[in-house]
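Asks: My questions will all concern the structure given below.
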Amino acid sequence: MQIISESSHSIHLYHDDALNCYDIWGSPIVIVSDGAYGISGFPGDPPTYESLDIWYDPHVRKWSERSTPQTTLWFWNTEIGWAIVHPVLARYGWEYRACHIWDKGIAHVAGNSNTQSLRKLPIVTEVCVQYVKRPVFHANGQQLSMRDWLRYEWERTGLPFSKTNEAAGVKDAATRKYFTKDHLWYFPPGEAFERIAAYANQFGQKQGRPYFSTDGHQPVSREQWEKLRSKFYCPIGITNVWREPPVNGEERIKRGTKAFHLNQKPIKLMERIITISSDPGDLVWEPFGGLCTAAIASHNLKRSCVATESNANIFSAAVTRLRQHVAVMRLDL
Ligand SMILES: C[S@@+](CC[C@H](N)C(=O)[O-])C[C@H]1O[C@@H](n2cnc3c(N)ncnc32)[C@H](O)[C@@H]1O
């Protein structure tokens, strides 16, 4: 393991299979997955996409075990690669939020596409798909979603659902949003949750108390409640289509005149996803490091990052890149 920088926002880079690392890393707020694509892109990348579900399965299982409802997973792949892996992600409790299209533009084709023989249009996109770790509640021998648990707990109080508005101190938002059964459901903010729980425990029938408790002793606190969902800071003016050319110029790591790693991602896009889903000081996981672009972005944004790369040559190129980057950042301070 190499410690590239030790500070409030450290980078720890491992030369190992990610599967050997998950149990020793701290719990992540962000996971940036940029692994196999099924295109023989690096040693160990399968030649076709059909088996990507098997390739990712043990990783996804571990991500689920080590994550909390505060964690966001960003899953980079081709469109078809993602389609193959989505059922695995869903099976291990990852909730789909949105698919972002990286449109690399026409520069990505640049005389490199025999479309007539391939009988398809040039592909200039990849996807970066956002997932969150859905919290699961246990009640009455069942597993419930947050929405269903809120309804279940309120029903136990014996109070009518119309009283949830009075409890939350709102006109009708509680019945319309926090206790609805349908897709218009919203997460109740901490303050509203706290009020609802206090009201339920004061006016709900005595024998069922405590209400809105997960430990059977006291209601979930406002602080605990706020941690039951992933972080999300919505950037202004950014949609789910990201027009950004392939990495080029100074940013592109080269061996001689050729790109060192075909999959090197733009720092700008890595910074975007990390900013959206974390705060300074949070921990980012980069299990398929390559040239460790997510580690660079994390460092720029004052997040800590643990990254690993299993290939020896790529690992040493990543170490060199990170050392240079961190040194330049220090000089710039
Ligand atoms: C798509 S590339 C990542 C590129 C990276 N995002 C960047 O910007 O440079 C995937 C990398 O993961 C590495 N890799 C594949 N399987 C791995 C595993 N099980 N553990 C650690 N690294 C792995 C590969 O050697 C490859 O360099």
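In the structure tokens, each chain is lettered A, B, ... as it comes, each chain's residues begin at 1, and ligands are numbered from 1 in order of appearance.
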Produce as a PyMOL selection string the set of residues near ligand 1, where near means within 6 Å with only C-alpha atoms and all ligand atoms considered.
Replies: chain A and resi 16-18+34-35+42+263-265+287-293+308-311
Asks: Show which residues sit within 8 Å of Gly204 of chain A, as a CSV table (one decimal) with C-alpha atoms, in the first residue's frame. Count only C-alpha atoms, and ignore same-chain residues fewer than 6 positions away.
Replies:
```csv
chain,number,residue,atom,x,y,z
A,156,ARG,CA,-49.9,1.3,14.8
A,157,THR,CA,-50.6,4.6,16.6
A,158,GLY,CA,-54.3,4.2,15.9
A,159,LEU,CA,-54.4,7.8,14.7
```
Asks: Can you tell me, as a tab-separated table (two decimals) with C-alpha atoms, in the first residue's frame, what residues are no more than 12 Å from segment 43-49 of chain A when counting only C-alpha atoms, ignoring any on the same chain fewer than 3 positions away?
Replies:
```
chain	number	residue	atom	x	y	z
A	17	ASP	CA	-7.41	-7.16	-5.98
A	34	ASP	CA	-15.03	1.91	-13.35
A	35	GLY	CA	-14.20	-1.77	-13.77
A	36	ALA	CA	-14.72	-4.36	-16.50
A	37	TYR	CA	-16.47	-3.31	-19.71
A	38	GLY	CA	-16.42	-6.63	-21.57
A	39	ILE	CA	-14.19	-5.25	-24.32
A	40	SER	CA	-10.79	-6.77	-23.38
A	52	LEU	CA	-20.23	-8.98	-16.74
A	53	ASP	CA	-22.91	-9.89	-14.20
A	54	ILE	CA	-20.71	-12.73	-12.94
A	55	TRP	CA	-17.61	-10.52	-12.97
A	56	TYR	CA	-19.27	-7.81	-10.85
A	77	ASN	CA	-19.85	1.33	-18.20
A	78	THR	CA	-21.12	0.93	-21.72
A	79	GLU	CA	-24.88	0.97	-22.15
A	80	ILE	CA	-25.07	-2.80	-22.67
A	81	GLY	CA	-22.58	-3.49	-19.85
A	82	TRP	CA	-24.76	-1.56	-17.45
A	83	ALA	CA	-27.90	-3.37	-18.70
A	84	ILE	CA	-26.24	-6.70	-17.86
A	85	VAL	CA	-25.11	-5.60	-14.39
A	261	HIS	CA	-4.64	3.64	-20.30
A	263	ASN	CA	-10.09	4.06	-19.95
A	288	PHE	CA	-10.78	-0.30	-10.02
A	290	GLY	CA	-6.49	2.40	-13.33
A	309	GLU	CA	-5.19	-1.31	-8.89
A	310	SER	CA	-4.35	-4.98	-9.43
A	311	ASN	CA	-2.07	-4.63	-12.45
A	312	ALA	CA	1.57	-3.91	-11.48
A	313	ASN	CA	2.41	-1.62	-14.43
A	314	ILE	CA	-0.76	0.37	-14.15
```
Asks: Determine the nearest neighbour of Ser230 of chain A from the options A:Phe75, A:Phe161, A:Tyr131, A:Phe193, counting only C-alpha atoms.
Replies: A:Tyr131
Asks: Using only C-alpha atoms, determine which residues lie at most 12 Å from segment 147-151 of chain A, disregarding the query and same-chain residues fewer than 4 positions distant; provide the list as a PyMOL selection string.
Replies: chain A and resi 134-140+142-143+155-161+164+174-175+177-188+193+196-197+200+211-214+220+225
Asks: Check the DSSP output for the backbone and give back, as a ChimeraX atom specification, the residues of segment 50-271 of chain A in strand (DSSP E).
Replies: /A:72-77,94-103,125-133,137-139,142-144,241-243,254-255,258-259
Asks: Atom CA of Trp242 of chain A to atom CA of Lys104 of chain A: how many Å, to one decimal?
Replies: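 According to the coordinates, atom CA of Trp242 of chain A and atom CA of Lys104 of chain A are separated by 8.2 Å.
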Asks: Point out the residue among A:Ala198, A:Ile253, A:Cys21, A:Met146 with the least atom-to-atom distance to Glu166 of chain A, counting only C-alpha atoms.
Replies: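 Of all the options, A:Ala198 lies closest to Glu166 of chain A.
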Asks: To one decimal place in Å, what is the distance between atom CA of Asp279 of chain A and atom CA of His9 of chain A?
Replies: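 The value is 11.2 Å.
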Asks: Pick the closest to Asn240 of chain A from A:Cys128, A:Ala318, A:Ile11, A:Ala192: which is it, counting only C-alpha atoms?
Replies: A:Cys128
Asks: Using DSSP on the backbone, list every residue of segment 17-127 of chain A that comes out as helix (DSSP H, G or I), and give them as a VMD selection string.
Replies: chain A and resid 18 to 20 49 to 66 79 to 91 106 to 108 115 to 118
Asks: For Met270 of chain A, which of A:Gly256, A:Asp23, A:Glu244, A:Ala297 is the closest residue, counting only C-alpha atoms?
Replies: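 Closest residue, counting only C-alpha atoms: A:Ala297.
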